[in-house]
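Content type compact mmCIF, C-alpha atoms (C1' of nucleotides), from the file work.txt:
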```
# COMPACT_ATOMS: atom_id res chain seq x y z
CA MET A 15 150.19 150.06 17.37
CA ALA A 16 148.81 153.16 15.76
CA GLU A 17 147.63 153.29 12.15
CA VAL A 18 147.55 149.79 10.77
CA THR A 19 147.66 150.80 7.14
CA ALA A 20 148.92 154.02 5.71
CA SER A 21 146.94 154.60 2.49
CA LEU A 22 149.37 155.15 -0.30
CA SER A 23 148.62 156.25 -3.84
CA ILE A 24 149.94 154.35 -6.82
CA GLY A 25 152.52 157.04 -7.37
CA GLN A 26 153.80 156.74 -3.83
CA VAL A 27 154.01 152.98 -4.08
CA ALA A 28 155.86 153.32 -7.35
CA GLU A 29 158.32 155.65 -5.71
CA ARG A 30 158.86 153.37 -2.72
CA THR A 31 159.18 150.13 -4.59
CA GLY A 32 160.95 151.31 -7.69
CA LEU A 33 158.28 149.73 -9.85
CA SER A 34 156.58 151.94 -12.40
CA VAL A 35 152.90 152.84 -12.06
CA HIS A 36 152.42 150.89 -15.27
CA ALA A 37 154.03 147.86 -13.74
CA LEU A 38 151.87 148.17 -10.63
CA ARG A 39 148.69 148.20 -12.67
CA PHE A 40 150.07 145.38 -14.76
CA TYR A 41 150.88 143.29 -11.70
CA GLU A 42 147.40 143.83 -10.39
CA HIS A 43 145.93 142.87 -13.73
CA GLU A 44 148.03 139.73 -13.63
CA GLY A 45 146.68 138.77 -10.23
CA LEU A 46 149.96 139.16 -8.40
CA PHE A 47 148.51 140.92 -5.40
CA VAL A 48 147.42 139.00 -2.37
CA ASN A 49 144.69 141.42 -1.38
CA PRO A 50 142.58 142.90 -4.13
CA VAL A 51 143.76 146.47 -4.34
CA ARG A 52 141.28 148.77 -2.62
CA ARG A 53 139.86 151.78 -4.38
CA GLY A 54 139.37 155.28 -3.08
CA PRO A 55 137.25 158.10 -4.42
CA GLY A 56 137.24 158.30 -8.19
CA GLY A 57 138.24 154.67 -8.43
CA ARG A 58 141.82 155.42 -7.49
CA ARG A 59 143.95 152.65 -6.12
CA VAL A 60 144.73 152.75 -2.43
CA TYR A 61 147.61 150.70 -1.10
CA GLY A 62 148.78 149.93 2.40
CA GLU A 63 152.14 149.09 3.89
CA ASP A 64 151.26 145.43 3.63
CA ASP A 65 151.01 145.80 -0.12
CA VAL A 66 154.42 147.43 -0.20
CA ASP A 67 155.80 144.55 1.85
CA TRP A 68 154.32 142.03 -0.50
CA LEU A 69 155.68 143.91 -3.49
CA THR A 70 159.09 143.90 -1.89
CA VAL A 71 158.94 140.13 -1.76
CA CYS A 72 157.68 140.04 -5.34
CA ILE A 73 160.56 142.20 -6.49
CA ILE A 74 163.07 139.90 -4.88
CA LEU A 75 161.49 136.81 -6.35
CA ARG A 76 161.34 138.43 -9.77
CA ALA A 77 164.93 139.64 -9.48
CA SER A 78 165.96 136.09 -8.84
CA GLY A 79 164.22 134.93 -11.97
CA MET A 80 160.85 133.71 -10.82
CA PRO A 81 158.47 134.03 -13.77
CA LEU A 82 155.16 135.85 -13.33
CA PRO A 83 153.04 132.66 -13.48
CA ALA A 84 154.90 131.19 -10.51
CA LEU A 85 154.61 134.44 -8.65
CA ARG A 86 150.89 134.47 -9.35
CA ARG A 87 150.60 130.95 -8.08
CA TYR A 88 152.38 131.91 -4.89
CA ALA A 89 150.10 134.91 -4.49
CA ASP A 90 147.10 132.63 -5.01
CA LEU A 91 148.29 130.32 -2.26
CA VAL A 92 148.88 133.14 0.17
CA ARG A 93 145.49 134.63 -0.70
CA GLN A 94 143.77 131.34 0.06
CA GLY A 95 145.12 131.58 3.57
CA VAL A 96 146.22 129.04 6.11
CA GLY A 97 146.31 125.39 5.09
CA ASN A 98 148.48 125.22 2.00
CA GLU A 99 151.85 125.77 3.58
CA GLU A 100 153.26 122.63 2.03
CA GLU A 101 152.53 123.96 -1.42
CA ARG A 102 154.10 127.29 -0.64
CA LEU A 103 157.13 125.55 0.75
CA THR A 104 157.41 123.40 -2.36
CA LEU A 105 157.18 126.40 -4.61
CA LEU A 106 159.78 128.27 -2.61
CA ARG A 107 162.09 125.29 -2.46
CA GLU A 108 161.87 124.86 -6.20
CA HIS A 109 162.77 128.46 -6.68
CA GLN A 110 165.55 128.15 -4.16
CA ALA A 111 166.97 125.26 -6.12
CA TYR A 112 166.65 127.24 -9.31
CA VAL A 113 168.48 130.24 -7.88
CA THR A 114 171.16 128.04 -6.41
CA THR A 115 171.91 126.39 -9.73
CA GLN A 116 171.80 129.77 -11.42
CA ILE A 117 174.46 131.03 -9.07
CA GLY A 118 176.45 127.90 -9.78
CA LYS A 119 176.23 128.41 -13.51
CA LEU A 120 177.16 132.04 -13.27
CA THR A 121 180.10 131.13 -11.11
CA GLU A 122 181.31 128.67 -13.72
CA CYS A 123 180.93 131.31 -16.41
CA LEU A 124 182.83 133.71 -14.22
CA ASP A 125 185.68 131.22 -14.10
CA LEU A 126 186.06 131.32 -17.85
CA ILE A 127 185.70 135.08 -17.96
CA ARG A 128 188.33 135.50 -15.28
CA PHE A 129 190.58 133.17 -17.17
CA LYS A 130 190.24 135.17 -20.37
CA VAL A 131 190.71 138.43 -18.51
CA GLY A 132 193.90 136.95 -17.10
CA VAL A 133 195.06 135.98 -20.57
CA TYR A 134 194.58 139.48 -21.89
CA GLU A 135 196.19 141.01 -18.84
CA ASP A 136 199.23 138.87 -19.48
CA ILE A 137 199.30 139.85 -23.12
CA LEU A 138 199.19 143.51 -22.23
CA ASP A 139 201.55 143.30 -19.28
CA PRO A 140 203.80 140.28 -19.74
CA ASP A 141 205.92 141.27 -16.71
CA GLY A 142 203.20 140.11 -14.39
CA VAL A 143 203.07 136.62 -15.92
CA GLY A 144 202.81 133.90 -13.38
CA GLU A 145 201.27 135.96 -10.64
CA HIS A 146 197.86 134.55 -11.36
CA GLN A 147 196.74 131.52 -9.44
CA CYS A 148 194.56 131.10 -12.39
CA HIS A 149 192.88 127.80 -12.16
CA ALA A 150 191.96 127.43 -15.83
CA PRO A 151 188.33 126.51 -16.39
CA VAL A 152 187.91 122.84 -16.98
CA ALA A 153 186.30 121.72 -20.21
CA PRO A 154 183.46 119.16 -20.05
CA ALA A 155 185.62 116.18 -20.95
CA GLY A 156 189.35 115.64 -20.93
CA GLU A 157 189.96 118.12 -23.70
CA GLU A 158 193.38 119.26 -24.62
CA ARG A 159 192.71 122.50 -22.78
CA SER A 160 193.92 125.19 -25.22
CA SER A 161 191.28 124.96 -27.83
CA MET A 162 188.52 127.04 -26.39
CA ALA A 163 190.79 129.23 -24.39
CA SER A 164 192.46 130.31 -27.59
CA ALA A 165 189.19 131.23 -29.26
CA GLY A 166 189.10 135.00 -29.03
CA MET B 226 199.30 117.89 -36.28
CA ALA B 227 196.92 116.11 -38.55
CA GLU B 228 193.77 117.69 -39.92
CA VAL B 229 193.61 121.30 -38.85
CA THR B 230 189.89 121.69 -39.32
CA ALA B 231 187.29 119.00 -39.34
CA SER B 232 184.46 120.23 -41.61
CA LEU B 233 181.22 120.02 -39.72
CA SER B 234 177.73 120.57 -41.06
CA ILE B 235 175.31 122.91 -39.38
CA GLY B 236 173.46 119.93 -37.95
CA GLN B 237 176.59 118.53 -36.41
CA VAL B 238 177.50 121.87 -34.90
CA ALA B 239 174.00 122.18 -33.52
CA GLU B 240 174.34 118.80 -31.93
CA ARG B 241 177.73 119.56 -30.42
CA THR B 242 176.95 123.00 -29.11
CA GLY B 243 173.36 122.51 -28.11
CA LEU B 244 172.35 125.51 -30.19
CA SER B 245 169.60 124.99 -32.74
CA VAL B 246 170.35 125.22 -36.44
CA HIS B 247 168.07 128.22 -36.45
CA ALA B 248 170.13 129.85 -33.77
CA LEU B 249 173.34 129.13 -35.67
CA ARG B 250 172.04 130.83 -38.79
CA PHE B 251 170.69 133.63 -36.66
CA TYR B 252 174.06 134.12 -34.94
CA GLU B 253 175.77 134.23 -38.30
CA HIS B 254 173.24 136.74 -39.56
CA GLU B 255 173.93 138.83 -36.48
CA GLY B 256 177.64 138.86 -37.15
CA LEU B 257 178.61 136.85 -34.11
CA PHE B 258 181.12 134.66 -35.87
CA VAL B 259 184.77 135.60 -35.99
CA ASN B 260 185.42 133.93 -39.32
CA PRO B 261 182.81 134.27 -42.02
CA VAL B 262 181.26 130.83 -42.19
CA ARG B 263 182.62 128.95 -45.18
CA ARG B 264 180.30 127.38 -47.70
CA GLY B 265 180.49 123.98 -49.30
CA PRO B 266 178.77 122.61 -52.38
CA GLY B 267 175.21 123.79 -52.74
CA GLY B 268 175.92 126.79 -50.53
CA ARG B 269 175.90 124.69 -47.40
CA ARG B 270 177.63 125.99 -44.31
CA VAL B 271 180.87 124.33 -43.36
CA TYR B 272 182.20 124.76 -39.85
CA GLY B 273 185.48 123.81 -38.25
CA GLU B 274 186.49 122.99 -34.71
CA ASP B 275 187.58 126.57 -34.26
CA ASP B 276 184.01 127.67 -34.90
CA VAL B 277 182.78 125.24 -32.29
CA ASP B 278 185.34 126.59 -29.84
CA TRP B 279 184.23 130.12 -30.50
CA LEU B 280 180.61 129.13 -30.11
CA THR B 281 181.44 127.52 -26.81
CA VAL B 282 182.78 130.84 -25.61
CA CYS B 283 179.71 132.60 -27.00
CA ILE B 284 177.42 130.24 -25.16
CA ILE B 285 179.16 130.90 -21.89
CA LEU B 286 179.08 134.64 -22.37
CA ARG B 287 175.41 134.48 -23.32
CA ALA B 288 174.61 132.21 -20.40
CA SER B 289 176.13 134.79 -18.12
CA GLY B 290 173.91 137.47 -19.55
CA MET B 291 176.02 139.17 -22.18
CA PRO B 292 173.62 140.66 -24.72
CA LEU B 293 174.08 139.95 -28.41
CA PRO B 294 175.34 143.45 -29.27
CA ALA B 295 178.21 143.10 -26.81
CA LEU B 296 178.98 139.65 -28.10
CA ARG B 297 179.01 141.03 -31.62
CA ARG B 298 181.36 143.77 -30.55
CA TYR B 299 183.69 141.21 -29.01
CA ALA B 300 183.55 139.13 -32.19
CA ASP B 301 184.35 142.25 -34.20
CA LEU B 302 187.41 142.93 -32.08
CA VAL B 303 188.68 139.38 -32.38
CA ARG B 304 188.05 139.43 -36.11
CA GLN B 305 190.10 142.58 -36.51
CA GLY B 306 193.03 140.70 -35.10
CA VAL B 307 196.00 141.67 -32.99
CA GLY B 308 196.18 145.23 -31.68
CA ASN B 309 192.95 145.82 -29.81
CA GLU B 310 193.60 143.72 -26.74
CA GLU B 311 192.88 146.64 -24.41
CA GLU B 312 189.39 146.91 -25.81
CA ARG B 313 188.77 143.22 -25.48
CA LEU B 314 190.04 143.31 -21.94
CA THR B 315 187.77 146.24 -21.13
CA LEU B 316 184.78 144.47 -22.57
CA LEU B 317 185.55 141.31 -20.67
CA ARG B 318 186.18 143.17 -17.43
CA GLU B 319 182.89 144.97 -17.75
CA HIS B 320 181.15 141.69 -18.22
CA GLN B 321 183.07 140.18 -15.35
CA ALA B 322 181.86 143.01 -13.13
CA TYR B 323 178.33 142.51 -14.35
CA VAL B 324 178.38 138.80 -13.62
CA THR B 325 179.93 139.37 -10.23
CA THR B 326 177.22 141.78 -9.19
CA GLN B 327 174.59 139.44 -10.60
CA ILE B 328 175.89 136.67 -8.42
CA GLY B 329 175.83 139.05 -5.49
CA LYS B 330 172.23 140.01 -6.14
CA LEU B 331 171.14 136.44 -6.55
CA THR B 332 172.88 135.53 -3.34
CA GLU B 333 170.99 138.26 -1.52
CA CYS B 334 167.74 137.02 -3.00
CA LEU B 335 168.66 133.54 -1.96
CA ASP B 336 169.01 134.78 1.60
CA LEU B 337 165.41 135.90 1.68
CA ILE B 338 164.21 132.76 -0.02
CA ARG B 339 166.08 130.59 2.44
CA PHE B 340 164.62 132.62 5.25
CA LYS B 341 161.09 132.11 3.99
CA VAL B 342 161.72 128.43 3.37
CA GLY B 343 162.88 128.21 6.97
CA VAL B 344 159.74 129.94 8.17
CA TYR B 345 157.52 127.47 6.37
CA GLU B 346 159.58 124.54 7.53
CA ASP B 347 159.09 125.69 11.09
CA ILE B 348 155.38 126.09 10.54
CA LEU B 349 155.10 122.59 9.17
CA ASP B 350 157.50 120.98 11.63
CA PRO B 351 157.63 123.06 14.78
CA ASP B 352 159.71 120.43 16.58
CA GLY B 353 162.77 121.44 14.63
CA VAL B 354 162.48 125.10 15.66
CA GLY B 355 165.75 126.66 16.53
CA GLU B 356 167.92 124.34 14.53
CA HIS B 357 168.34 126.94 11.82
CA GLN B 358 171.28 129.28 11.98
CA CYS B 359 169.08 131.45 9.98
CA HIS B 360 170.62 134.77 9.62
CA ALA B 361 167.46 136.68 8.61
CA PRO B 362 167.89 138.83 5.53
CA VAL B 363 168.54 142.42 6.44
CA ALA B 364 166.14 145.03 5.13
CA PRO B 365 167.59 148.12 3.39
CA ALA B 366 167.26 150.42 6.40
CA GLY B 367 166.75 149.74 10.08
CA GLU B 368 163.29 148.34 9.56
CA GLU B 369 161.43 146.58 12.22
CA ARG B 370 162.30 143.28 10.57
CA SER B 371 158.97 141.39 10.63
CA SER B 372 157.03 143.35 8.08
CA MET B 373 158.29 141.90 4.86
CA ALA B 374 159.03 138.55 6.33
CA SER B 375 155.39 138.23 7.27
CA ALA B 376 154.19 139.03 3.78
CA GLY B 377 153.28 135.65 2.38
C1' DC C 157 161.90 108.05 -60.40
C1' DT C 158 160.56 109.24 -56.33
C1' DA C 159 160.59 109.94 -51.50
C1' DG C 160 163.17 111.49 -47.51
C1' DG C 161 166.28 114.17 -45.21
C1' DA C 162 169.38 117.91 -44.62
C1' DG C 163 170.28 122.20 -46.04
C1' DC C 164 169.22 127.03 -48.08
C1' DT C 165 166.83 132.11 -47.84
C1' DA C 166 163.83 135.74 -46.36
C1' DG C 167 160.83 137.01 -43.43
C1' DA C 168 157.00 136.31 -40.07
C1' DG C 169 155.73 134.82 -35.42
C1' DT C 170 156.41 134.02 -30.38
C1' DC C 171 157.15 134.90 -25.58
C1' DG C 172 157.98 137.33 -21.34
C1' DG C 173 157.63 141.43 -19.16
C1' DC C 174 156.79 145.37 -19.22
C1' DT C 175 155.91 150.30 -21.43
C1' DC C 176 153.32 153.51 -23.76
C1' DT C 177 149.18 155.72 -25.94
C1' DA C 178 144.63 157.47 -26.38
C1' DG C 179 141.02 159.29 -24.41
C1' DG C 180 138.75 160.27 -20.14
C1' DT C 181 137.75 161.68 -14.82
C1' DC C 182 138.57 164.43 -10.95
C1' DA C 183 140.41 167.88 -7.47
C1' DA C 184 143.20 171.85 -6.52
C1' DG C 185 145.11 176.25 -7.62
C1' DC C 186 145.36 180.65 -10.32
C1' DG D 135 136.55 179.13 -16.03
C1' DC D 136 140.82 176.98 -17.12
C1' DT D 137 144.95 174.57 -16.60
C1' DT D 138 147.71 171.17 -14.40
C1' DG D 139 148.74 166.90 -12.56
C1' DA D 140 147.71 162.51 -10.84
C1' DC D 141 144.96 159.02 -11.72
C1' DC D 142 141.70 155.76 -14.58
C1' DT D 143 140.80 151.91 -18.58
C1' DA D 144 141.63 149.14 -22.59
C1' DG D 145 144.58 147.91 -25.58
C1' DA D 146 148.65 148.53 -28.68
C1' DG D 147 153.70 148.47 -29.01
C1' DC D 148 158.39 147.17 -27.92
C1' DC D 149 162.65 144.57 -27.02
C1' DG D 150 165.63 140.66 -26.95
C1' DA D 151 166.52 136.36 -28.57
C1' DC D 152 165.24 133.19 -30.75
C1' DT D 153 161.88 129.92 -33.42
C1' DC D 154 159.21 128.73 -37.13
C1' DT D 155 157.28 128.81 -41.91
C1' DA D 156 157.17 128.70 -46.83
C1' DG D 157 159.12 127.48 -50.70
C1' DC D 158 163.25 126.06 -52.71
C1' DT D 159 167.77 122.95 -53.88
C1' DC D 160 170.49 118.99 -53.32
C1' DC D 161 171.88 114.20 -52.58
C1' DT D 162 171.11 109.45 -51.45
C1' DA D 163 168.62 105.13 -51.03
C1' DG D 164 165.07 102.02 -52.44
```

As structure tokens, what does this structure read like?
Amino acid sequence: MAEVTASLSIGQVAERTGLSVHALRFYEHEGLFVNPVRRGPGGRRVYGEDDVDWLTVCIILRASGMPLPALRRYADLVRQGVGNEEERLTLLREHQAYVTTQIGKLTECLDLIRFKVGVYEDILDPDGVGEHQCHAPVAPAGEERSSMASAG
Amino acid sequence: MAEVTASLSIGQVAERTGLSVHALRFYEHEGLFVNPVRRGPGGRRVYGEDDVDWLTVCIILRASGMPLPALRRYADLVRQGVGNEEERLTLLREHQAYVTTQIGKLTECLDLIRFKVGVYEDILDPDGVGEHQCHAPVAPAGEERSSMASAG
DNA sequence: CTAGGAGCTAGAGTCGGCTCTAGGTCAAGC
DNA sequence: GCTTGACCTAGAGCCGACTCTAGCTCCTAG
């Protein structure tokens, strides 16, 4: 239980998080930090490990498609402190649902892509025909299956 | 083997594909169609089922994150006709790899989100503690696990 | 004959999320 | 004393992918 907070410069935080210094200032400007960023001599930003932790969460939420306004809202809730856990949970659950459906959509897309890759593999190496267990992607309705698969 | 091509207006295609008429013109302008879009009386665009099929593929590729330039390149290859199947396959495989890693990343993100959702559920309903099989998301290195999870 | 609706073109505008620039401060090293 | 490098602010610029606008042509129905 030594030093609680390690005092990092913006450059160091950029290096650790992978965000650019521009992005860090931008995030601050957009109110995405939980604690107002402290300032050292000369008005320089001083960050602690807790800020890096928070940014790590932010990066993951962003990477999974959470827009900045939602992230700001989450930051607001956390900043307000204990008492709004329901709201945080709601926000997180909504995002969870979003990510889940995104993964579902991408998986469907992947089905078609795999199918087309299989088609071209067969064209280029007809010997291997039939070795795919290739579950053709199902069209919305009872289409004649052929149409779209033949496009391109 | 009746009518080969059904002659659709831009509005009809918009309705069927879910793309806007603006987007359809934009896609054409960007060279994303395989066949140059035919024109009817008064210079109006006339589409066939094959165009709709192609657009369906485009929509899926776009939805899975393929940028317009890559889509254009694919359209170019298909337009050129037989003989460049290797290139098409390469392009599709690259995209397949991209989508696969995207799904992987999203799944990792989902792990953290689920973890945090679990944390808030436990806060709000401590009776249910322990009923999660909640596989906490693993931090990049051998971190003390706690830090980031506590952020927010 | 006139109003409405769908279509046309070229080009401007929008939005999200940064990214970069200009012009300045400050501390350390040569 | 001067340069270098990291930092500061405010605000402009960029990129991708549309989306919208202005001003026009048709056709059809009332």

Given all atoms listed in the file, how would the per-residue table for chain D near chain B read, listing every residue at most 9 Å away with its closest atom pair and distance in Å to one decimal, sorted by chain and number, as CSV?
```
residue,atom,partner,partner_atom,distance
D:DG150,C1',B:Pro292,CA,8.3
D:DA151,C1',B:Leu293,CA,8.4
D:DC152,C1',B:Ala248,CA,6.6
D:DT153,C1',B:His247,CA,7.1
D:DC154,C1',B:His247,CA,8.9
D:DT159,C1',B:Gly267,CA,7.6
D:DC160,C1',B:Gly267,CA,6.8
```

Which residue out of C:DG167, C:DG172, C:DG179, C:DG160 has the minimum interatomic distance to chain A when only C-alpha atoms (C1' of nucleotides) are used? C:DG172

With distances taken over only C-alpha atoms (C1' of nucleotides), which residue among C:DA183, C:DC157, C:DA178, C:DA166 lies nearest chain A?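 Checking each candidate against chain A, we get C:DA183 as the closest.
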
Record the distance separating CA of Glu101 (chain A) and CA of Leu349 (chain B), expressed in Å with one decimal.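 Straight-line distance from CA of Glu101 (chain A) to CA of Leu349 (chain B) works out to 11.0 Å.
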
Given a cut-off of 8 Å, which residues of chain B touch chain A, counting all atoms listed in the file, written out as a ChimeraX atom specification? /B:275,278-279,281-282,285-286,288-289,300,303,310-311,313-314,317-318,321,324-325,328,330-332,334-335,338-339,341-342,345-346,348-349,372-373,376-377

Residue hits in chain C, query chain B, radius 12 Å, only C-alpha atoms (C1' of nucleotides), as a VMD selection string: chain C and resid 161 to 166

Could you superimpose chain A onto chain B using all C-alpha atoms, paired one by one in order, and tell me the resulting RMSD in Å? 0.1 Å

Please compute the CA of Leu249 (chain B)-C1' of DT170 (chain C) distance, one decimal, in Å.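 We find that CA of Leu249 (chain B) and C1' of DT170 (chain C) lie 18.4 Å from each other.
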
Find the distance between CA of Gln237 (chain B) and C1' of DA159 (chain C) and write it in Å to one decimal.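 That distance, rounded to one decimal, is 23.6 Å.
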
Centre, edges in Å (one decimal): axis-aligned box, region 151-163 of chain D, 8 Å padding on all six sides, as AutoDock Vina command-line options:
```
--center_x 164.5 --center_y 120.7 --center_z -41.2 --size_x 30.7 --size_y 47.2 --size_z 41.3
```

With a distance cut-off of 10 Å and all atoms listed in the file, select the neighbouring residues of DG147 (chain D), excluding the residue or stretch itself and same-chain residues fewer than 6 positions from it, and output the selection as a VMD selection string. chain C and resid 175 to 177

Would you mind exporting C-alpha atoms (C1' of nucleotides) of the selected residues as a short mmCIF file (atom, residue, chain, number, x, y, z; two decimals), keeping the file's coordinate frame?
```cif
data_model
loop_
_atom_site.label_atom_id
_atom_site.label_comp_id
_atom_site.auth_asym_id
_atom_site.auth_seq_id
_atom_site.Cartn_x
_atom_site.Cartn_y
_atom_site.Cartn_z
"C1'" DT C 175 155.91 150.30 -21.43
"C1'" DC C 176 153.32 153.51 -23.76
"C1'" DT C 177 149.18 155.72 -25.94
#
```

Between A:Thr31, A:Ser21, A:Arg39, A:Glu44, which one has atoms that come closest to DC141 (chain D), using only C-alpha atoms (C1' of nucleotides)?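 Result for the nearest residue to DC141 (chain D): A:Arg39.
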